[in-house]
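*Asks:* File input-v4.tsv below, TSV, C-alpha atoms and all ligand atoms:
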chain	number	residue	atom	x	y	z
B	1	MET	CA	0.02	11.67	14.45
B	2	PHE	CA	1.64	10.61	11.14
B	3	PRO	CA	0.86	12.57	7.97
B	4	GLN	CA	-0.32	9.58	5.93
B	5	ASP	CA	-0.88	5.81	6.02
B	6	LEU	CA	-2.39	4.15	2.95
B	7	HIS	CA	-1.34	0.56	3.63
B	8	ILE	CA	-3.65	-0.84	6.30
B	9	HIS	CA	-5.38	-4.21	6.42
B	10	THR	CA	-8.57	-5.03	8.26
B	11	THR	CA	-10.83	-8.01	8.86
B	12	TYR	CA	-11.70	-7.86	5.13
B	13	SER	CA	-8.31	-9.56	4.56
B	14	ALA	CA	-9.85	-12.59	6.26
B	15	ASN	CA	-7.57	-15.23	4.71
B	16	ASP	CA	-4.47	-13.50	6.05
B	17	SER	CA	-3.60	-15.21	9.31
B	18	TYR	CA	-1.81	-12.11	10.62
B	19	VAL	CA	-5.04	-10.09	10.68
B	20	SER	CA	-6.51	-9.71	14.14
B	21	PRO	CA	-10.30	-9.90	14.51
B	22	LEU	CA	-10.02	-6.58	16.36
B	23	GLN	CA	-8.60	-4.84	13.28
B	24	THR	CA	-11.88	-3.47	11.96
B	25	ILE	CA	-12.35	-0.40	9.76
B	26	ALA	CA	-14.17	1.23	12.67
B	27	LEU	CA	-11.17	0.68	14.95
B	28	VAL	CA	-8.69	2.11	12.42
B	29	ALA	CA	-10.95	5.15	11.97
B	30	ALA	CA	-11.23	5.58	15.74
B	31	VAL	CA	-7.48	5.25	16.44
B	32	ARG	CA	-6.70	7.63	13.54
B	33	HIS	CA	-2.91	7.34	13.83
B	34	ALA	CA	-2.43	9.31	10.58
B	35	GLN	CA	-4.10	12.39	9.13
B	36	ILE	CA	-4.62	10.79	5.73
B	37	LEU	CA	-5.83	7.21	6.18
B	38	GLY	CA	-6.52	4.60	3.53
B	39	ILE	CA	-7.59	0.97	3.82
B	40	SER	CA	-5.93	-1.47	1.41
B	41	ASP	CA	-7.21	-4.99	1.91
B	42	HIS	CA	-6.16	-7.87	-0.33
B	43	PHE	CA	-8.14	-7.57	-3.55
B	44	GLU	CA	-8.58	-11.34	-3.95
B	45	ASN	CA	-10.64	-11.35	-0.71
B	46	LEU	CA	-13.01	-8.70	-1.98
B	47	VAL	CA	-14.01	-9.95	-5.42
B	48	SER	CA	-16.39	-12.65	-4.20
B	49	GLY	CA	-19.20	-10.24	-3.38
B	50	MET	CA	-17.46	-8.39	-0.56
B	51	PHE	CA	-16.37	-5.26	-2.41
B	52	GLU	CA	-19.63	-3.29	-2.10
B	53	THR	CA	-19.75	-3.67	1.69
B	54	TYR	CA	-16.03	-2.89	1.92
B	55	GLU	CA	-16.44	0.26	-0.17
B	56	ALA	CA	-19.50	1.44	1.78
B	57	GLU	CA	-17.84	0.94	5.15
B	58	ILE	CA	-14.68	2.80	4.12
B	59	ARG	CA	-16.63	5.67	2.58
B	60	GLN	CA	-18.81	5.98	5.65
B	61	ALA	CA	-15.70	6.19	7.84
B	62	GLY	CA	-14.34	8.97	5.59
B	63	LEU	CA	-11.20	7.03	4.64
B	64	LYS	CA	-9.47	6.56	1.29
B	65	LEU	CA	-10.40	3.39	-0.59
B	66	GLY	CA	-7.54	1.20	-1.75
B	67	VAL	CA	-6.89	-2.43	-2.59
B	68	GLU	CA	-3.67	-4.47	-2.52
B	69	VAL	CA	-3.33	-6.33	-5.83
B	70	ASP	CA	-1.22	-9.50	-5.80
B	71	GLY	CA	0.58	-9.48	-9.12
B	72	HIS	CA	-0.44	-9.63	-12.78
B	73	SER	CA	-3.16	-12.26	-12.54
B	74	TRP	CA	-5.46	-9.89	-10.63
B	75	VAL	CA	-4.82	-6.67	-12.52
B	76	THR	CA	-7.48	-6.80	-15.24
B	77	GLU	CA	-10.19	-7.52	-12.70
B	78	ALA	CA	-8.89	-4.86	-10.31
B	79	THR	CA	-9.24	-2.15	-12.95
B	80	ASN	CA	-13.01	-2.81	-13.01
B	81	TYR	CA	-13.42	-1.48	-9.47
B	82	ASP	CA	-13.60	2.19	-8.60
B	83	VAL	CA	-10.93	2.70	-5.96
B	84	ASP	CA	-8.88	5.76	-4.99
B	85	TYR	CA	-5.51	4.00	-5.36
B	86	TYR	CA	-3.82	0.67	-5.88
B	87	ILE	CA	-1.09	-1.04	-3.90
B	88	PHE	CA	0.66	-3.53	-6.17
B	89	HIS	CA	2.78	-6.62	-5.50
B	90	CYS	CA	5.33	-6.35	-8.30
B	91	ARG	CA	7.50	-9.45	-8.29
B	92	ASP	CA	10.56	-9.53	-10.50
B	93	ASN	CA	8.97	-11.00	-13.63
B	94	ASP	CA	7.93	-9.67	-17.04
B	95	ALA	CA	4.21	-10.24	-16.49
B	96	ASP	CA	4.13	-8.10	-13.35
B	97	TYR	CA	6.06	-5.21	-14.96
B	98	LYS	CA	3.68	-5.34	-17.93
B	99	SER	CA	0.54	-5.43	-15.77
B	100	LEU	CA	1.85	-2.50	-13.81
B	101	GLU	CA	1.53	-0.38	-16.97
B	102	GLN	CA	-2.12	-1.45	-17.20
B	103	LEU	CA	-2.75	-0.35	-13.61
B	104	LEU	CA	-1.04	3.00	-14.27
B	105	SER	CA	-3.25	3.53	-17.34
B	106	THR	CA	-6.23	3.94	-14.99
B	107	GLY	CA	-4.68	7.28	-13.95
B	108	LYS	CA	-4.98	6.34	-10.28
B	109	PRO	CA	-2.02	6.39	-7.91
B	110	VAL	CA	-0.12	3.09	-7.90
B	111	ILE	CA	2.06	2.31	-4.90
B	112	ILE	CA	4.67	-0.44	-5.31
B	113	ALA	CA	4.29	-2.48	-2.11
B	114	HIS	CA	7.35	-3.29	-0.01
B	115	PRO	CA	9.57	-3.71	-3.13
B	116	ASN	CA	12.66	-4.68	-1.15
B	117	ALA	CA	10.83	-7.76	0.14
B	118	PHE	CA	9.99	-8.88	-3.42
B	119	ALA	CA	13.31	-7.78	-4.95
B	120	THR	CA	11.31	-5.67	-7.42
B	121	ASN	CA	13.71	-4.23	-9.99
B	122	LEU	CA	12.87	-0.54	-9.62
B	123	GLY	CA	14.85	0.14	-12.78
B	124	ARG	CA	12.00	-1.54	-14.70
B	125	VAL	CA	9.26	0.45	-12.98
B	126	SER	CA	7.82	3.67	-14.40
B	127	ALA	CA	8.80	6.83	-12.54
B	128	THR	CA	5.09	7.64	-12.20
B	129	CYS	CA	4.77	4.83	-9.64
B	130	LEU	CA	4.99	5.64	-5.96
B	131	ILE	CA	7.50	3.55	-4.05
B	132	GLU	CA	6.62	2.32	-0.59
B	133	ILE	CA	8.81	2.23	2.48
B	134	ASN	CA	6.86	-0.16	4.59
B	135	ASN	CA	7.13	-0.58	8.33
B	136	ARG	CA	6.43	-4.30	8.18
B	137	TYR	CA	9.14	-5.27	5.69
B	138	VAL	CA	11.72	-2.52	5.25
B	139	TRP	CA	14.19	-4.02	7.70
B	140	HIS	CA	14.07	-7.52	6.15
B	141	ASN	CA	16.73	-6.80	3.53
B	142	ASP	CA	19.61	-4.48	2.86
B	143	TRP	CA	17.18	-1.57	2.56
B	144	TYR	CA	19.81	1.15	2.35
B	145	ASN	CA	21.53	-0.23	-0.73
B	146	TYR	CA	18.23	-1.35	-2.22
B	147	TYR	CA	16.47	2.03	-2.08
B	148	ARG	CA	19.36	4.46	-2.23
B	149	PRO	CA	20.12	4.27	-6.00
B	150	HIS	CA	16.47	5.11	-6.80
B	151	ARG	CA	16.09	7.98	-4.40
B	152	GLU	CA	16.04	10.73	-7.04
B	153	ARG	CA	13.76	9.03	-9.55
B	154	PHE	CA	10.62	8.38	-7.53
B	155	ASN	CA	8.19	9.78	-5.04
B	156	PHE	CA	8.10	7.65	-1.89
B	157	VAL	CA	5.27	6.91	0.50
B	158	ILE	CA	5.51	5.50	4.01
B	159	GLY	CA	3.05	2.81	5.07
B	160	SER	CA	2.50	0.62	8.09
B	161	ASP	CA	1.09	-2.54	6.41
B	162	ALA	CA	-0.74	-2.95	9.71
B	163	HIS	CA	-2.67	-6.19	10.23
B	164	GLN	CA	-3.32	-5.66	13.95
B	165	PRO	CA	-4.02	-2.61	16.10
B	166	ASN	CA	-0.51	-2.65	17.60
B	167	TRP	CA	1.02	-2.47	14.10
B	168	LEU	CA	-0.52	0.95	13.41
B	169	GLY	CA	2.88	2.64	13.48
B	170	GLN	CA	5.73	3.67	11.17
B	171	SER	CA	8.82	3.91	13.38
B	172	VAL	CA	11.15	1.62	11.40
B	173	ALA	CA	9.99	2.95	8.01
B	174	ARG	CA	10.54	6.52	9.18
B	175	TYR	CA	14.00	5.68	10.47
B	176	ALA	CA	14.90	4.15	7.08
B	177	ALA	CA	13.47	7.12	5.16
B	178	ASP	CA	15.45	9.55	7.34
B	179	GLN	CA	18.67	7.62	6.77
B	180	LEU	CA	18.01	7.64	3.03
B	181	GLY	CA	17.26	11.36	3.03
B	182	ILE	CA	13.81	10.65	1.58
B	183	ILE	CA	10.94	13.06	2.16
B	184	GLU	CA	7.62	11.25	2.01
B	185	HIS	CA	5.13	12.10	-0.71
B	186	LEU	CA	1.55	12.78	0.34
B	187	VAL	CA	-0.73	11.18	-2.26
B	188	PHE	CA	-3.93	12.88	-1.07
B	189	GLU	CA	-4.84	16.15	0.53
B	190	GLU	CA	-5.55	16.19	4.23
B	191	PRO	CA	-9.24	15.84	5.02
M	201	ZN	ZN	1.81	-6.94	0.62
M	202	ZN	ZN	-0.32	-5.41	2.80
Would you write the structure of this file as structure tokens?
Ligand SMILES: [Zn+2]
Ligand SMILES: [Zn+2]

*Replies:*
Amino acid sequence: MFPQDLHIHTTYSANDSYVSPLQTIALVAAVRHAQILGISDHFENLVSGMFETYEAEIRQAGLKLGVEVDGHSWVTEATNYDVDYYIFHCRDNDADYKSLEQLLSTGKPVIIAHPNAFATNLGRVSATCLIEINNRYVWHNDWYNYYRPHRERFNFVIGSDAHQPNWLGQSVARYAADQLGIIEHLVFEEP
């Protein structure tokens, strides 16, 4: 079992074609591939009346409640919802770096999602952010040279970004973290 996985999608990310209909909150809770589990569906799917059901189902399963926020245009609305943590798509533009400060002002943990895939300039990101090494995307780019210069400045979290039951794993992300000499940061206490 892995220590932590806070980046998991379920059928609540209905517009994402990679999500399997089998990837329900109940299934993630039953498989329990990590000791600390959080669900982080796409925020834009939840705002049209779905959030309350989403929240209730996650709480009932005893999991951490997260949302994945797609850039600056969703940030103000996202801060109106009571979640345990945010996962943020920070593209390399001024508006996203500025909105990131707004998310951090909530005092909740903010995880920068798969930054190597978006070419996020980590030099422009506050050291209070948590940086993700993500099993879905880490191998897409020159991850070693991307992450290595920032190794000392941040805490890092490892996530699966699972959209299907067979993605509930972290093997590539853990390989990359080991090569980088990065020890993962546990955002929450074990249940
Ligand atoms: Zn993402
Ligand atoms: Zn995701």

*Asks:* All residues within 8 Å of ligand ZN 201 (chain M) are required, counting only C-alpha atoms and all ligand atoms; please report them as an MDAnalysis selection string.

*Replies:* chainID B and resid 68 70 87:89 113:114 161

*Asks:* Of the candidates B:His163, B:Lys98, B:His72, B:Arg124, which one gets nearest to His7 (chain B) if we count all atoms listed in the file?

*Replies:*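 Counting all atoms listed in the file, the residue closest to His7 (chain B) is B:His163.
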
*Asks:* Return the single residue from B:His33, B:Lys64, B:Arg91, B:Arg136 that is closest to ligand ZN 202 (chain M), with distances computed using all atoms listed in the file.

*Replies:*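 Using all atoms listed in the file, ligand ZN 202 (chain M) sits closest to B:Arg136.
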
*Asks:* Do you know which residues are at most 10 Å from Leu168 (chain B) counting all atoms listed in the file, after dropping those on the same chain fewer than 3 positions away, and could you put them as a list in words?

*Replies:* Asp5, His7, Ile8, His9, Gln23, Val28, Val31, Arg32, His33, Ala34, Asn135, Gly159, Ser160, Asp161, Ala162, His163, Gln164, Pro165 and Ser171 of chain B

*Asks:* Nearest to Leu46 (chain B): which of B:Phe2, B:Tyr18, B:Tyr12, B:Tyr147 is it, counting only C-alpha atoms?

*Replies:* B:Tyr12

*Asks:* With a distance cut-off of 7 Å and all atoms listed in the file, select the neighbouring residues of Asn155 (chain B), excluding the residue or stretch itself and same-chain residues fewer than 4 positions from it, and output the selection as a list in words.

*Replies:*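 Final neighbour list, sorted by chain and number: Leu130, Ile131 and His185 of chain B.
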
*Asks:* So which one's closest to ligand ZN 202 (chain M), B:Gly181, B:Pro21, B:Pro115, B:Pro3? Using all atoms listed in the file, please.

*Replies:*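 Going through B:Gly181, B:Pro21, B:Pro115, B:Pro3 one by one, the smallest distance to ligand ZN 202 (chain M) is for B:Pro115.
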
*Asks:* Measuring between only C-alpha atoms, which one of B:Leu186, B:Met50, B:Val172, B:Val75 shows the shortest distance to Gln102 (chain B)?

*Replies:* B:Val75

*Asks:* Residues proximal to (-12.7, 1.0, 3.2) were defined as those with any atom within 10 Å of that point in the file's coordinates, counting only C-alpha atoms. Which are they, as an NGL selection string?

*Replies:* :B and (8-10 or 12 or 24-26 or 29 or 37-41 or 51-67 or 83)

*Asks:* Between CA of Ile36 (chain B) and CA of Gln4 (chain B), what is the distance, to one decimal in Å?

*Replies:*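 So the two atoms, CA of Ile36 (chain B) and CA of Gln4 (chain B), lie 4.5 Å apart.
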
*Asks:* I'd like the interatomic distance between CA of Thr76 (chain B) and CA of Asn116 (chain B), to a tenth of an Å.

*Replies:*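 Interatomic distance, CA of Thr76 (chain B) to CA of Asn116 (chain B): 24.7 Å.
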
*Asks:* Skip Cys90 (chain B) itself and residues of its chain fewer than 5 positions away, then list as a PyMOL selection string all residues within 7 Å of it, counting only C-alpha atoms.

*Replies:* chain B and resi 71+96-97+112+120

*Asks:* Include C-alpha atoms and write out the residues we just selected as a compact mmCIF listing (two decimals), in the coordinates of the input.

*Replies:*
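What ended up in part_34.txt:
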# COMPACT_ATOMS: atom_id res chain seq x y z
CA GLY B 71 0.58 -9.48 -9.12
CA ASP B 96 4.13 -8.10 -13.35
CA TYR B 97 6.06 -5.21 -14.96
CA ILE B 112 4.67 -0.44 -5.31
CA THR B 120 11.31 -5.67 -7.42

*Asks:* Counting all atoms listed in the file, I want the residues whose atoms come within 7 Å of (11.4, 4.6, -7.8) in the file frame, returned as a list of chain:residue names.

*Replies:*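 Protein, DNA and RNA residues close to (11.4, 4.6, -7.8): B:Leu122, B:Val125, B:Ala127, B:Cys129, B:Leu130, B:Ile131, B:His150, B:Arg151, B:Arg153, B:Phe154, B:Asn155.
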